[in-house]
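File shown: entry.txt. Contents: compact mmCIF, C-alpha atoms.
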```txt
# COMPACT_ATOMS: atom_id res chain seq x y z
CA THR H 741 -58.89 14.99 66.35
CA GLU H 742 -59.27 18.62 65.39
CA LYS H 743 -62.17 17.66 63.14
CA GLN H 744 -63.96 15.95 66.03
CA ILE H 745 -63.37 18.89 68.38
CA LYS H 746 -64.84 21.28 65.83
CA SER H 747 -67.84 19.00 65.35
CA PHE H 748 -68.41 18.62 69.09
CA LYS H 749 -68.19 22.37 69.70
CA LYS H 750 -70.78 22.96 67.00
CA ALA H 751 -73.06 20.31 68.50
CA GLU H 752 -72.66 21.88 71.95
CA ALA H 753 -73.52 25.33 70.59
CA ASN H 754 -76.64 23.92 68.93
CA ALA H 755 -77.85 21.96 71.98
CA GLU H 756 -81.32 23.10 73.04
CA ASP H 757 -82.15 20.95 76.04
CA GLY H 758 -80.79 18.46 78.56
CA ASP H 759 -81.11 15.50 76.23
CA ASP H 760 -79.12 17.30 73.53
CA PHE H 761 -76.30 18.08 76.00
CA ARG H 762 -76.31 14.45 77.18
CA ARG H 763 -76.00 13.09 73.65
CA VAL H 764 -73.05 15.37 72.88
CA ALA H 765 -71.44 14.48 76.21
CA ASP H 766 -71.83 10.77 75.42
CA GLU H 767 -69.93 11.18 72.16
CA ILE H 768 -67.20 13.31 73.76
CA ALA H 769 -66.75 10.84 76.63
CA LYS H 770 -66.49 7.96 74.15
CA ALA H 771 -63.90 9.96 72.19
CA GLY H 772 -61.80 10.17 75.36
CA ASP H 773 -62.31 13.65 76.84
CA LYS H 774 -64.16 12.91 80.07
CA GLU H 775 -63.52 16.33 81.63
CA TRP H 776 -65.26 18.11 78.78
CA ALA H 777 -68.00 15.49 78.85
CA LYS H 778 -68.46 16.04 82.60
CA GLN H 779 -69.10 19.76 82.02
CA LEU H 780 -71.79 18.93 79.48
CA TYR H 781 -73.38 16.28 81.71
CA LYS H 782 -73.70 19.01 84.38
CA LYS H 783 -75.45 21.22 81.84
CA ALA H 784 -77.67 18.28 80.91
CA GLU H 785 -78.63 17.72 84.53
CA ALA H 786 -79.52 21.39 84.98
CA GLU H 787 -81.70 21.31 81.86
CA THR H 788 -83.38 17.93 82.42
CA ASP H 789 -86.89 17.76 83.86
CA ASP H 790 -88.33 14.60 82.32
CA SER H 791 -88.05 11.26 84.16
CA SER H 792 -87.09 9.26 81.05
CA ASN H 793 -84.28 11.72 80.33
CA PHE H 794 -83.12 11.47 83.95
CA TYR H 795 -82.77 7.70 83.51
CA GLN H 796 -80.74 8.17 80.35
CA LEU H 797 -78.56 10.79 82.03
CA ALA H 798 -77.92 8.58 85.08
CA ASN H 799 -77.08 5.64 82.82
CA SER H 800 -74.68 7.77 80.76
CA VAL H 801 -72.96 9.20 83.84
CA GLY H 802 -72.66 5.75 85.41
CA GLU H 803 -71.68 3.71 82.36
CA ILE H 804 -69.96 6.05 79.90
CA LEU H 805 -68.41 8.54 82.33
CA GLY H 806 -67.92 5.81 84.96
CA ASP H 807 -69.09 7.98 87.88
CA LYS H 808 -71.42 5.73 89.93
CA VAL H 809 -71.52 8.20 92.84
CA TRP H 810 -72.91 10.96 90.64
CA ALA H 811 -75.31 8.52 88.98
CA LYS H 812 -76.63 7.59 92.44
CA LYS H 813 -77.28 11.26 93.21
CA ILE H 814 -79.28 11.58 89.99
CA TYR H 815 -81.35 8.53 90.93
CA LYS H 816 -81.96 10.13 94.37
CA LYS H 817 -83.21 13.26 92.65
CA LEU H 818 -85.44 11.12 90.46
CA GLU H 819 -86.88 9.35 93.50
CA SER H 820 -87.74 12.74 95.03
CA GLU H 821 -89.43 13.76 91.77
CA ILE H 822 -91.52 10.58 91.78
CA GLU H 823 -92.51 11.19 95.40
CA SER H 824 -93.55 14.79 94.79
CA ILE H 825 -95.42 14.31 91.52
CA ARG H 826 -96.88 10.85 92.24
CA SER H 827 -98.00 10.49 88.64
CA ASN H 828 -98.09 6.84 87.55
CA TYR H 829 -96.48 6.24 90.94
CA ILE H 830 -96.24 2.43 91.11
CA VAL H 831 -94.86 2.06 87.58
CA GLU H 832 -92.31 4.84 88.16
CA LEU H 833 -91.10 3.34 91.46
CA CYS H 834 -90.70 -0.10 89.91
CA GLU H 835 -88.88 1.31 86.90
CA LEU H 836 -86.49 3.15 89.20
CA ALA H 837 -85.95 -0.01 91.26
CA GLY H 838 -85.13 -1.95 88.10
CA ASN H 839 -82.60 0.67 87.01
CA LEU H 840 -80.94 0.64 90.43
CA CYS H 841 -80.45 -3.12 90.12
CA LYS H 842 -79.19 -3.01 86.55
CA GLN H 843 -77.03 0.12 86.63
CA LEU H 844 -75.79 0.28 90.24
CA GLY H 845 -76.36 -3.26 91.49
CA ASP H 846 -78.06 -1.67 94.51
CA LYS H 847 -80.63 -4.33 95.41
CA ALA H 848 -81.09 -3.03 98.96
CA TRP H 849 -82.31 0.35 97.71
CA ALA H 850 -84.44 -1.36 95.04
CA LYS H 851 -86.05 -3.57 97.70
CA LYS H 852 -87.06 -0.49 99.69
CA LEU H 853 -88.70 0.97 96.60
CA TYR H 854 -90.63 -2.24 95.91
CA LYS H 855 -91.86 -2.22 99.52
CA LYS H 856 -92.88 1.41 99.17
CA ALA H 857 -94.77 0.54 95.98
CA GLU H 858 -96.49 -2.39 97.67
CA ALA H 859 -97.66 -0.17 100.54
CA ASP H 860 -99.33 2.17 98.03
CA ALA H 861 -100.62 -0.47 95.59
CA GLU H 862 -104.34 -0.15 94.90
CA ASP H 863 -105.32 -2.95 92.53
CA ASN H 864 -104.26 -6.21 90.91
CA GLN H 865 -102.36 -4.42 88.12
CA ASP H 866 -100.17 -2.66 90.70
CA TYR H 867 -99.46 -5.88 92.58
CA ASN H 868 -98.65 -7.69 89.32
CA ILE H 869 -96.10 -5.05 88.26
CA ILE H 870 -94.40 -5.17 91.67
CA ALA H 871 -94.34 -8.99 91.76
CA ASP H 872 -92.82 -9.12 88.25
CA GLY H 873 -90.07 -6.76 89.41
CA LEU H 874 -89.34 -8.82 92.52
CA CYS H 875 -88.90 -11.90 90.32
CA GLU H 876 -86.92 -10.32 87.49
CA LYS H 877 -84.75 -7.78 89.29
CA LEU H 878 -84.29 -9.18 92.81
CA GLY H 879 -84.88 -12.89 92.28
CA ASP H 880 -87.27 -12.75 95.25
CA LYS H 881 -89.71 -15.46 94.22
CA ALA H 882 -91.09 -15.94 97.74
CA GLY H 883 -92.03 -12.27 97.99
CA ALA H 884 -93.42 -12.30 94.46
CA LYS H 885 -95.55 -15.37 95.16
CA LYS H 886 -97.31 -13.58 98.05
CA LEU H 887 -98.13 -10.68 95.74
CA TYR H 888 -99.34 -12.92 92.92
CA LYS H 889 -101.77 -14.44 95.42
CA LYS H 890 -103.01 -10.92 96.14
CA VAL H 891 -103.40 -10.38 92.40
CA GLU H 892 -105.50 -13.52 92.12
CA ALA H 893 -107.74 -12.36 94.98
CA GLU H 894 -108.08 -8.85 93.54
CA ILE H 895 -109.11 -10.17 90.11
CA GLU H 896 -112.22 -11.64 91.72
CA LYS H 897 -113.45 -8.06 92.16
CA SER H 898 -112.73 -7.13 88.56
CA GLU H 899 -115.16 -6.87 85.64
CA GLU H 900 -112.56 -8.14 83.15
CA LYS H 901 -111.62 -11.36 84.87
CA SER H 902 -110.69 -13.39 81.80
CA TRP H 903 -108.09 -10.95 80.42
CA GLU H 904 -106.61 -10.24 83.85
CA PHE H 905 -106.35 -13.95 84.67
CA ILE H 906 -104.45 -14.38 81.39
CA GLN H 907 -101.98 -11.65 82.39
CA LEU H 908 -101.48 -13.27 85.79
CA ALA H 909 -100.93 -16.70 84.23
CA GLU H 910 -98.30 -15.26 81.89
CA SER H 911 -96.43 -13.78 84.86
CA LEU H 912 -96.65 -17.07 86.74
CA CYS H 913 -95.11 -18.87 83.76
CA GLU H 914 -92.54 -16.35 82.58
CA LYS H 915 -91.49 -14.67 85.83
CA LEU H 916 -92.20 -17.13 88.65
CA GLY H 917 -91.76 -20.31 86.60
CA ASP H 918 -94.81 -21.95 88.22
CA LYS H 919 -96.60 -23.65 85.31
CA GLY H 920 -98.84 -25.70 87.58
CA TRP H 921 -100.35 -22.61 89.16
CA ALA H 922 -100.48 -20.89 85.78
CA LYS H 923 -102.48 -23.79 84.34
CA LYS H 924 -105.10 -23.40 87.08
CA ILE H 925 -105.33 -19.68 86.34
CA TYR H 926 -105.73 -20.29 82.60
CA LYS H 927 -108.63 -22.60 83.39
CA ARG H 928 -110.21 -19.85 85.50
CA ALA H 929 -109.68 -17.43 82.61
CA LEU H 930 -111.41 -19.87 80.26
CA ALA H 931 -114.39 -20.15 82.63
CA GLU H 932 -114.73 -16.35 82.49
CA ALA H 933 -114.19 -16.03 78.72
CA GLU H 934 -116.88 -13.95 77.05
CA ASP H 935 -116.03 -14.33 73.37
CA THR H 936 -113.77 -16.09 70.87
CA LYS H 937 -111.08 -13.42 71.31
CA ASP H 938 -110.73 -14.33 74.99
CA SER H 939 -110.62 -18.04 74.13
CA ARG H 940 -108.00 -17.48 71.44
CA ASN H 941 -105.81 -15.49 73.83
CA ILE H 942 -106.01 -18.31 76.37
CA ALA H 943 -105.17 -20.89 73.70
```

I need this file expressed as structure tokens, please.
Amino acid sequence: TEKQIKSFKKAEANAEDGDDFRRVADEIAKAGDKEWAKQLYKKAEAETDDSSNFYQLANSVGEILGDKVWAKKIYKKLESEIESIRSNYIVELCELAGNLCKQLGDKAWAKKLYKKAEADAEDNQDYNIIADGLCEKLGDKAGAKKLYKKVEAEIEKSEEKSWEFIQLAESLCEKLGDKGWAKKIYKRALAEAEDTKDSRNIA
């Protein structure tokens, strides 16, 4: 409607960053003008420099605009950003892999990212995050099981064994569905418990 067009033009004029342009584009695309929305998504891409905003932009382009090819290019750009910055690297790679599965259904690309994360994993927390992703996003329980075993071995070197055993046991129950193994890990956590808080968490 004329009223909507006026409102959208005002919102576009007031947009200050990539996220603002994306939000306006979302509303315009939903209202039915995908060509106008596409122009604003391009502005959003040019103005976006934060990884969380890149995810939102890729999701909007893929779902609302319906352009999976463009969304894939944005995810490629995001992968390059993760590679170059390498800040919170394992978490970022796994988050990207999860989005590729959910938004594009590209499990082959996601698998490559999980392998890349595994090659650079440094501790039990890293291995646990990757294993959770393999279970949840790819359904690769065999691959996850190997990593959970690494997690268990790495926890032996840790100073906070009880809490980390609890986290592992939760993953074994909720992600892998192996309650027998989880029970053994909870018992190990109990043996390492240092105070009532640890015992309560195990209970």

Env of H:Asp846: 12 Å cut, atoms = all atoms listed in the file, seq-sep filter 4 positions within chain, self excluded. Answer as a ChimeraX atom specification. /H:808-809,811-812,815,836-842,850-853,877-878

Leaving out stretch 821-832 of chain H and any residue of its chain fewer than 2 positions from it, which residues lie within 12 Å of it when counting only C-alpha atoms, given as a VMD selection string? chain H and resid 788 to 792 794 to 795 814 to 819 834 to 839 853 to 873

Between atom CA of H:Leu844 and atom CA of H:Gly883 - distance in Å to one decimal: 21.9 Å

Shell of 8 Å around H:Val801, only C-alpha atoms, local chain residues under 4 positions omitted, as a PDB file with C-alpha atoms, in the frame of the given file:
```
ATOM      1  CA  TYR H 781     -73.380  16.280  81.710  1.00  0.00           C
ATOM      2  CA  LEU H 797     -78.560  10.790  82.030  1.00  0.00           C
ATOM      3  CA  LEU H 805     -68.410   8.540  82.330  1.00  0.00           C
ATOM      4  CA  GLY H 806     -67.920   5.810  84.960  1.00  0.00           C
ATOM      5  CA  ASP H 807     -69.090   7.980  87.880  1.00  0.00           C
ATOM      6  CA  LYS H 808     -71.420   5.730  89.930  1.00  0.00           C
ATOM      7  CA  TRP H 810     -72.910  10.960  90.640  1.00  0.00           C
ATOM      8  CA  ALA H 811     -75.310   8.520  88.980  1.00  0.00           C
TER       9      ALA H 811
END
```

Pairwise distance for atom CA of H:Glu934 and atom CA of H:Ile895, rounded to one decimal in Å: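 The value is 15.7 Å.
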
Fewer than 5 positions away in the same chain doesn't count, so skip those; otherwise give me all residues within 7 Å of H:Leu930, counting all atoms listed in the file, as number ranges by chain. H: 902, 939, 942

Atom-to-atom span, atom CA of H:Glu775 and atom CA of H:Trp849, Å: 29.4 Å

Counting only C-alpha atoms, figure out which residue out of H:Ile925, H:Ile804, H:Ala931, H:Ala798 gets nearest to H:Lys774. H:Ile804

Choose the residue, out of H:Glu914, H:Glu876, H:Asp938, H:Asp766, that has the smallest atom-to-atom separation from H:Lys901; count only C-alpha atoms.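 Answer, going by the shortest atom-to-atom distance: H:Asp938.
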
Residues near H:Ala777, cut-off 7 Å, all atoms listed in the file, skip fewer than 6 positions along chain, as a PyMOL selection string: chain H and resi 765-766+768-769

Store the residues picked out above, limited to C-alpha atoms, as an mmCIF file, in the frame of the given file.
```
data_model
loop_
_atom_site.group_PDB
_atom_site.id
_atom_site.type_symbol
_atom_site.label_atom_id
_atom_site.label_comp_id
_atom_site.auth_asym_id
_atom_site.auth_seq_id
_atom_site.Cartn_x
_atom_site.Cartn_y
_atom_site.Cartn_z
ATOM 1 C CA ALA H 765 -71.440 14.480 76.210
ATOM 2 C CA ASP H 766 -71.830 10.770 75.420
ATOM 3 C CA ILE H 768 -67.200 13.310 73.760
ATOM 4 C CA ALA H 769 -66.750 10.840 76.630
#
```

Assuming 6 Å of padding per side, give the centre and edge lengths of the axis-aligned box around every listed atom of stretch 875-881 of chain H, in Å to one decimal and as lines of an AutoDock Vina configuration file.
```
center_x = -87.0
center_y = -11.6
center_z = 91.4
size_x = 17.4
size_y = 19.7
size_z = 19.8
```

When you count only C-alpha atoms, which of these residues is closest to H:Lys783: H:Ile906, H:Ala771, H:Val764, H:Ala884?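 So, comparing all the options, the nearest one is H:Val764.
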
How would you write as a compact mmCIF listing (two decimals) with C-alpha atoms, keeping the file's coordinate frame the residues that get within 9 Å of (-104.8, -15.3, 86.7) in the file's frame, counting all atoms listed in the file?
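Saved file part.txt follows:
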```txt
# COMPACT_ATOMS: atom_id res chain seq x y z
CA TYR H 888 -99.34 -12.92 92.92
CA VAL H 891 -103.40 -10.38 92.40
CA GLU H 892 -105.50 -13.52 92.12
CA ILE H 895 -109.11 -10.17 90.11
CA LYS H 901 -111.62 -11.36 84.87
CA SER H 902 -110.69 -13.39 81.80
CA TRP H 903 -108.09 -10.95 80.42
CA GLU H 904 -106.61 -10.24 83.85
CA PHE H 905 -106.35 -13.95 84.67
CA ILE H 906 -104.45 -14.38 81.39
CA GLN H 907 -101.98 -11.65 82.39
CA LEU H 908 -101.48 -13.27 85.79
CA ALA H 909 -100.93 -16.70 84.23
CA GLU H 910 -98.30 -15.26 81.89
CA SER H 911 -96.43 -13.78 84.86
CA LEU H 912 -96.65 -17.07 86.74
CA TRP H 921 -100.35 -22.61 89.16
CA ALA H 922 -100.48 -20.89 85.78
CA LYS H 924 -105.10 -23.40 87.08
CA ILE H 925 -105.33 -19.68 86.34
CA TYR H 926 -105.73 -20.29 82.60
CA LYS H 927 -108.63 -22.60 83.39
CA ARG H 928 -110.21 -19.85 85.50
CA ALA H 929 -109.68 -17.43 82.61
```
